[in-house]
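Asker: Take this structure, written in C-alpha cells, and hold onto it; I'll ask about it next.
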Amino acid sequence: MTDKAQDLLDWTPDAVVFDCDGTLMDSERHWQEARVRAFREYGLQPPPGFAAQATGLHYEDCGRLMARSVHKPELVEGLTAALLDHFLALVTDEPATMPGATQLVRLLSGRLPLAVASNCPRVVVEGSLTRAGLREHFQYIVVPDAGDGIRPKPHPDVYAVAARLCGVPPQRALAVEDTLTGVEAARRAGLRVLGVGPRPEGDGAVRADLWLPALHAPELLDWARSCDHRGSAPEP
C-alpha cells in the first residue's frame with residue numbers, strides 16, 4: 001500500500017459523500033441495458049466501445065452522446081427520454097445494492113454526516129435507496145439541477161454542494177466513487193477520494209487517494225469502525 005493510500009486510512013473525515021450508481025446501488029448494468037433498449041427502439045445499435053464512453057454520465061449527457069455517436073442529432077430528445085424510461089423500468093423491477101454497501105453505510109451512520117452526490121435523477125436515487133433500506137442514513141441527496149445551477153459530474157457542483165450541506169469544508173470530506181468521471185468531479189470540488197470497484201485501465205486510478213476492489217474490503221470496514229467524528233485526526 002502506498003503512503004498516499006495508507007494516509008487516507010489513517011484519516012477521519014468530517015463527512016462522507018457517496019456516489020449512488022455503481023457505488024451504493026448495482027445499477028450500472030441497468031443503464032447499460034437501458035441504452036441498448038433505447039437504441040433498439042429507434043432501430044439502432046450501440047457503436048463499439050459506447051458503454052465505456054457512457055459510464056458515469058448524466059442521463060441527458062448520455063442521450064446527447066447516443067445521438068451524436070450514430071450521427072442523428074435529431075434524435076437527442078427521443079433517445080434521452082427512452083433511456084430514462086427503460087432505466088426506471090429496469091431499476092424498479094430489480095433493485096440491488098453493491099457488495100458491502102449496506103454494511104459500510106450502517107457502520108458510518110451516526111458517526112459522521114453522510115450524503116449522496118449523484119448524476120441520476122432524484123426520483124431514481126430516492127427510490128433506490130429507500131427500497132434498499134439505506135435512505136434513512138443520508139442527511140442530504142444532491143443531484144444536478146439546472147434551476148439551482150448544479151451541473152452534473154464531471155463538474156464539481158454536486159460534491160461541493162453536498163459538503164456545504166454537511167457543514168464541512170470540502171477538504172474535510174471524503175468522496176466514494178466508482179467512475180473516473182465521479183473522481184474528477186470530487187477532486188475538482190476539493191474532496192479527498194476513495195475509488196471502489198474494478199480498477200480503471202491505465203493510470204486513471206491514481207487520481208483517487210486510494211482504490212479498493214469493493215466496499216466490503218476488510219481495511220475499509222476496519223477504517224469505518226474506527227471513525228469518530230468527535231476525534232478526527234489533524235488535516236493531512
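Residue numbers start at 1 in each chain; chains themselves are named A, B, ... in the order of the C-alpha cells; ligands are numbered from 1 in the order shown.
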Neighbours of Phe87 in chain A within 7 Å (only C-alpha atoms; same-chain residues fewer than 4 positions away dropped), as a list in words?
Answerer: His30, Trp31, Ala34, Leu83 and Val91 of chain A
Asker: For Ser109 in chain A, list every protein, DNA or RNA residue within 12 Å, evaluated using only C-alpha atoms, and leave out those in the same chain fewer than 6 positions away; present the list as a PDB file with N, CA and C atoms, in the first residue's frame.
Answerer:
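What ended up in part36.pdb:
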```pdb
ATOM      1  N   ALA A  15     -17.124  14.319   7.051  1.00  0.00           N
ATOM      2  CA  ALA A  15     -18.336  13.886   6.358  1.00  0.00           C
ATOM      3  C   ALA A  15     -17.925  12.936   5.246  1.00  0.00           C
ATOM      4  N   VAL A  16     -18.844  12.062   4.834  1.00  0.00           N
ATOM      5  CA  VAL A  16     -18.603  11.157   3.716  1.00  0.00           C
ATOM      6  C   VAL A  16     -19.724  11.351   2.709  1.00  0.00           C
ATOM      7  N   VAL A  17     -19.343  11.519   1.437  1.00  0.00           N
ATOM      8  CA  VAL A  17     -20.309  11.728   0.361  1.00  0.00           C
ATOM      9  C   VAL A  17     -20.161  10.586  -0.640  1.00  0.00           C
ATOM     10  N   ALA A 101     -22.137  -2.359   0.527  1.00  0.00           N
ATOM     11  CA  ALA A 101     -22.702  -1.014   0.672  1.00  0.00           C
ATOM     12  C   ALA A 101     -23.509  -0.876   1.957  1.00  0.00           C
ATOM     13  N   THR A 102     -24.383  -1.820   2.209  1.00  0.00           N
ATOM     14  CA  THR A 102     -25.242  -1.723   3.388  1.00  0.00           C
ATOM     15  C   THR A 102     -24.412  -1.746   4.670  1.00  0.00           C
ATOM     16  N   GLN A 103     -23.446  -2.639   4.734  1.00  0.00           N
ATOM     17  CA  GLN A 103     -22.620  -2.751   5.933  1.00  0.00           C
ATOM     18  C   GLN A 103     -21.818  -1.479   6.177  1.00  0.00           C
ATOM     19  N   ALA A 115     -23.906  11.922   2.942  1.00  0.00           N
ATOM     20  CA  ALA A 115     -24.680  12.496   1.844  1.00  0.00           C
ATOM     21  C   ALA A 115     -24.462  11.647   0.595  1.00  0.00           C
ATOM     22  N   LEU A 134     -31.643   2.114   2.835  1.00  0.00           N
ATOM     23  CA  LEU A 134     -30.499   2.965   3.159  1.00  0.00           C
ATOM     24  C   LEU A 134     -30.845   4.452   3.244  1.00  0.00           C
ATOM     25  N   ARG A 135     -32.005   4.840   2.758  1.00  0.00           N
ATOM     26  CA  ARG A 135     -32.325   6.264   2.653  1.00  0.00           C
ATOM     27  C   ARG A 135     -32.208   6.989   4.000  1.00  0.00           C
ATOM     28  N   GLU A 136     -32.616   6.348   5.058  1.00  0.00           N
ATOM     29  CA  GLU A 136     -32.637   6.995   6.375  1.00  0.00           C
ATOM     30  C   GLU A 136     -31.256   7.367   6.891  1.00  0.00           C
ATOM     31  N   HIS A 137     -30.220   6.784   6.322  1.00  0.00           N
ATOM     32  CA  HIS A 137     -28.862   7.045   6.808  1.00  0.00           C
ATOM     33  C   HIS A 137     -28.240   8.308   6.197  1.00  0.00           C
ATOM     34  N   PHE A 138     -28.873   8.870   5.181  1.00  0.00           N
ATOM     35  CA  PHE A 138     -28.292  10.012   4.469  1.00  0.00           C
ATOM     36  C   PHE A 138     -29.048  11.294   4.786  1.00  0.00           C
ATOM     37  N   GLN A 139     -28.295  12.278   5.271  1.00  0.00           N
ATOM     38  CA  GLN A 139     -28.919  13.561   5.595  1.00  0.00           C
ATOM     39  C   GLN A 139     -29.266  14.365   4.335  1.00  0.00           C
ATOM     40  N   ALA A 224     -13.894   2.188   8.904  1.00  0.00           N
ATOM     41  CA  ALA A 224     -15.213   2.706   9.263  1.00  0.00           C
ATOM     42  C   ALA A 224     -15.509   2.479  10.739  1.00  0.00           C
ATOM     43  N   ARG A 225     -15.118   1.336  11.254  1.00  0.00           N
ATOM     44  CA  ARG A 225     -15.364   1.044  12.674  1.00  0.00           C
ATOM     45  C   ARG A 225     -14.576   1.996  13.578  1.00  0.00           C
ATOM     46  N   CYS A 227     -13.806   5.171  12.785  1.00  0.00           N
ATOM     47  CA  CYS A 227     -14.134   6.574  12.547  1.00  0.00           C
ATOM     48  C   CYS A 227     -14.924   7.139  13.718  1.00  0.00           C
ATOM     49  N   ASP A 228     -14.513   8.318  14.149  1.00  0.00           N
ATOM     50  CA  ASP A 228     -15.232   9.017  15.227  1.00  0.00           C
ATOM     51  C   ASP A 228     -15.132  10.493  14.940  1.00  0.00           C
ATOM     52  N   HIS A 229     -16.232  11.088  14.536  1.00  0.00           N
ATOM     53  CA  HIS A 229     -16.224  12.494  14.182  1.00  0.00           C
ATOM     54  C   HIS A 229     -15.702  13.382  15.310  1.00  0.00           C
TER      55      HIS A 229
END
```
Asker: Could you pull out the helix (DSSP H, G or I) residues of range 59-211 of chain A from DSSP and send them as a PyMOL selection string?
Answerer: chain A and resi 59-69+73-93+101-108+122-131+135-137+146-148+157-166+170-172+180-189+204-207
Asker: I want to know what sits within 12 Å of Glu77 in chain A, based on only C-alpha atoms, with residues of the same chain fewer than 2 positions away left out; could you give that as an NGL selection string?
Answerer: :A and (38 or 59-68 or 72-75 or 79-84)
Asker: How far is it from CA of Ser118 in chain A to CA of Val76 in chain A, in Å with one decimal?
Answerer: 21.9 Å
Asker: Tell me, in Å to one decimal, how far CA of Lys153 in chain A is from CA of Leu57 in chain A.
Answerer: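 Computed distance, CA of Lys153 in chain A to CA of Leu57 in chain A, equals 7.1 Å.
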Asker: So how many Å separate CA of Glu28 in chain A and CA of Arg151 in chain A, to one decimal?
Answerer: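 Between CA of Glu28 in chain A and CA of Arg151 in chain A the gap is 20.5 Å.
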Asker: Neighbours of Val196 in chain A within 6 Å (only C-alpha atoms; same-chain residues fewer than 3 positions away dropped), as a list in words?
Answerer: Asp178, Trp211, Leu212, Pro213 and Ala214 of chain A
Asker: With a distance cut-off of 9 Å and only C-alpha atoms, select the neighbouring residues of Pro144 in chain A, excluding the residue or stretch itself and same-chain residues fewer than 4 positions from it, and output the selection as a PyMOL selection string.
Answerer: chain A and resi 58+117-122+148-153+157-158
Asker: With DSSP run on the backbone, what are the strand (DSSP E or B) residues within range 12-120 of chain A? I'd like them as a list in words.
Answerer: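 Put together, the selection reads Ala15, Val16, Val17, Phe18, Asp21, Met25, Thr97, Ser109, Leu112, Leu114, Ala115, Val116 and Ala117 of chain A.
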Asker: I'd like the contact shell of Ala208 in chain A - 10 Å cut-off, only C-alpha atoms, skipping same-chain residues fewer than 3 positions apart - returned as an NGL selection string.
Answerer: :A and (4-5 or 175-177 or 180 or 183-184 or 186-187 or 192-196 or 204-205 or 211)
Asker: Generate a file of the selected residues that holds all heavy atoms, formatted as a short mmCIF file (atom, residue, chain, number, x, y, z; two decimals), in the first residue's frame.
Answerer:
```cif
data_model
loop_
_atom_site.label_atom_id
_atom_site.label_comp_id
_atom_site.auth_asym_id
_atom_site.auth_seq_id
_atom_site.Cartn_x
_atom_site.Cartn_y
_atom_site.Cartn_z
N LYS A 4 0.28 7.35 0.20
CA LYS A 4 -0.94 8.12 -0.05
C LYS A 4 -2.17 7.33 0.39
O LYS A 4 -3.08 7.87 1.02
CB LYS A 4 -1.03 8.47 -1.53
CG LYS A 4 -2.24 9.30 -1.92
CD LYS A 4 -2.22 9.55 -3.42
CE LYS A 4 -3.44 10.33 -3.88
NZ LYS A 4 -3.49 10.52 -5.34
N ALA A 5 -2.19 6.02 0.06
CA ALA A 5 -3.33 5.19 0.43
C ALA A 5 -3.41 4.99 1.93
O ALA A 5 -4.48 5.08 2.54
CB ALA A 5 -3.22 3.83 -0.29
N ALA A 175 -15.09 11.62 -0.62
CA ALA A 175 -15.99 11.14 -1.66
C ALA A 175 -15.71 9.67 -1.92
O ALA A 175 -14.56 9.23 -1.88
CB ALA A 175 -15.79 11.94 -2.94
N VAL A 176 -16.78 8.90 -2.16
CA VAL A 176 -16.64 7.48 -2.51
C VAL A 176 -17.23 7.31 -3.89
O VAL A 176 -18.43 7.55 -4.11
CB VAL A 176 -17.35 6.59 -1.48
CG1 VAL A 176 -17.09 5.12 -1.80
CG2 VAL A 176 -16.89 6.91 -0.06
N GLU A 177 -16.42 6.87 -4.85
CA GLU A 177 -16.78 6.86 -6.26
C GLU A 177 -16.34 5.59 -6.97
O GLU A 177 -15.39 4.94 -6.54
CB GLU A 177 -16.11 8.05 -6.97
CG GLU A 177 -16.94 9.29 -7.04
CD GLU A 177 -18.10 9.19 -8.02
OE1 GLU A 177 -18.17 8.20 -8.77
OE2 GLU A 177 -18.92 10.12 -8.05
N LEU A 180 -14.23 7.30 -13.11
CA LEU A 180 -13.28 8.39 -13.22
C LEU A 180 -13.99 9.72 -13.42
O LEU A 180 -13.47 10.77 -13.02
CB LEU A 180 -12.31 8.12 -14.38
CG LEU A 180 -11.40 6.90 -14.20
CD1 LEU A 180 -10.46 6.75 -15.39
CD2 LEU A 180 -10.61 6.99 -12.90
N VAL A 183 -14.71 10.66 -9.89
CA VAL A 183 -13.45 11.01 -9.20
C VAL A 183 -13.02 12.41 -9.59
O VAL A 183 -12.62 13.22 -8.75
CB VAL A 183 -12.34 9.99 -9.54
CG1 VAL A 183 -10.98 10.48 -9.04
CG2 VAL A 183 -12.66 8.63 -8.92
N GLU A 184 -13.12 12.72 -10.87
CA GLU A 184 -12.73 14.05 -11.34
C GLU A 184 -13.62 15.12 -10.71
O GLU A 184 -13.13 16.18 -10.29
CB GLU A 184 -12.85 14.12 -12.87
CG GLU A 184 -12.51 15.46 -13.48
CD GLU A 184 -11.06 15.86 -13.30
OE1 GLU A 184 -10.22 14.99 -12.97
OE2 GLU A 184 -10.75 17.06 -13.47
N ALA A 186 -15.23 15.03 -7.83
CA ALA A 186 -14.92 15.17 -6.41
C ALA A 186 -13.59 15.89 -6.19
O ALA A 186 -13.47 16.76 -5.32
CB ALA A 186 -14.89 13.80 -5.74
N ARG A 187 -12.60 15.56 -6.98
CA ARG A 187 -11.29 16.22 -6.85
C ARG A 187 -11.40 17.71 -7.18
O ARG A 187 -10.82 18.55 -6.49
CB ARG A 187 -10.27 15.56 -7.77
CG ARG A 187 -9.76 14.21 -7.25
CD ARG A 187 -8.73 13.63 -8.21
NE ARG A 187 -7.62 14.54 -8.41
CZ ARG A 187 -6.53 14.60 -7.63
NH1 ARG A 187 -6.42 13.80 -6.60
NH2 ARG A 187 -5.56 15.44 -7.91
N ARG A 192 -11.22 14.68 -0.81
CA ARG A 192 -10.37 13.51 -0.99
C ARG A 192 -11.26 12.39 -1.53
O ARG A 192 -12.48 12.41 -1.36
CB ARG A 192 -9.70 13.11 0.32
CG ARG A 192 -8.89 14.25 0.92
CD ARG A 192 -8.07 13.80 2.11
NE ARG A 192 -6.92 13.01 1.69
CZ ARG A 192 -6.13 12.35 2.54
NH1 ARG A 192 -6.38 12.38 3.85
NH2 ARG A 192 -5.09 11.68 2.10
N VAL A 193 -10.67 11.41 -2.21
CA VAL A 193 -11.49 10.45 -2.96
C VAL A 193 -11.04 9.01 -2.71
O VAL A 193 -9.86 8.68 -2.82
CB VAL A 193 -11.44 10.72 -4.47
CG1 VAL A 193 -12.45 9.84 -5.20
CG2 VAL A 193 -11.70 12.19 -4.78
N LEU A 194 -12.03 8.16 -2.40
CA LEU A 194 -11.85 6.71 -2.37
C LEU A 194 -12.52 6.13 -3.59
O LEU A 194 -13.73 6.32 -3.79
CB LEU A 194 -12.47 6.12 -1.10
CG LEU A 194 -12.60 4.60 -1.07
CD1 LEU A 194 -11.23 3.93 -1.03
CD2 LEU A 194 -13.46 4.15 0.11
N GLY A 195 -11.78 5.44 -4.45
CA GLY A 195 -12.35 4.75 -5.59
C GLY A 195 -12.65 3.30 -5.23
O GLY A 195 -11.88 2.67 -4.48
N VAL A 196 -13.77 2.79 -5.72
CA VAL A 196 -14.15 1.40 -5.43
C VAL A 196 -14.59 0.70 -6.71
O VAL A 196 -15.08 1.34 -7.64
CB VAL A 196 -15.27 1.32 -4.38
CG1 VAL A 196 -14.81 1.81 -3.03
CG2 VAL A 196 -16.52 2.08 -4.83
N GLY A 204 -5.61 5.98 -14.54
CA GLY A 204 -6.73 6.77 -14.04
C GLY A 204 -6.96 6.60 -12.55
O GLY A 204 -7.36 7.56 -11.86
N ALA A 205 -6.72 5.40 -12.03
CA ALA A 205 -6.99 5.14 -10.62
C ALA A 205 -6.14 5.99 -9.68
O ALA A 205 -6.54 6.23 -8.54
CB ALA A 205 -6.78 3.65 -10.30
N TRP A 211 -7.71 3.22 -4.15
CA TRP A 211 -8.69 2.46 -4.93
C TRP A 211 -8.77 1.05 -4.35
O TRP A 211 -7.76 0.37 -4.22
CB TRP A 211 -8.29 2.40 -6.41
CG TRP A 211 -9.49 2.11 -7.28
CD1 TRP A 211 -10.13 0.91 -7.43
CD2 TRP A 211 -10.23 3.06 -8.06
NE1 TRP A 211 -11.22 1.04 -8.26
CE2 TRP A 211 -11.30 2.35 -8.66
CE3 TRP A 211 -10.08 4.41 -8.31
CZ2 TRP A 211 -12.22 2.97 -9.52
CZ3 TRP A 211 -11.00 5.03 -9.16
CH2 TRP A 211 -12.05 4.31 -9.75
#
```
Asker: Would you mind listing what lies within 10 Å of Ala160 in chain A as a list of chain:residue names, with only C-alpha atoms counted and same-chain residues fewer than 6 positions away left out?
Answerer: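 Those residues are A:Ala117, A:Val142, A:Ile150, A:Val168, A:Pro169, A:Pro170, A:Ala173, A:Ala185, A:Ala186, A:Arg187, A:Arg188, A:Ala189, A:Gly190, A:Leu191.
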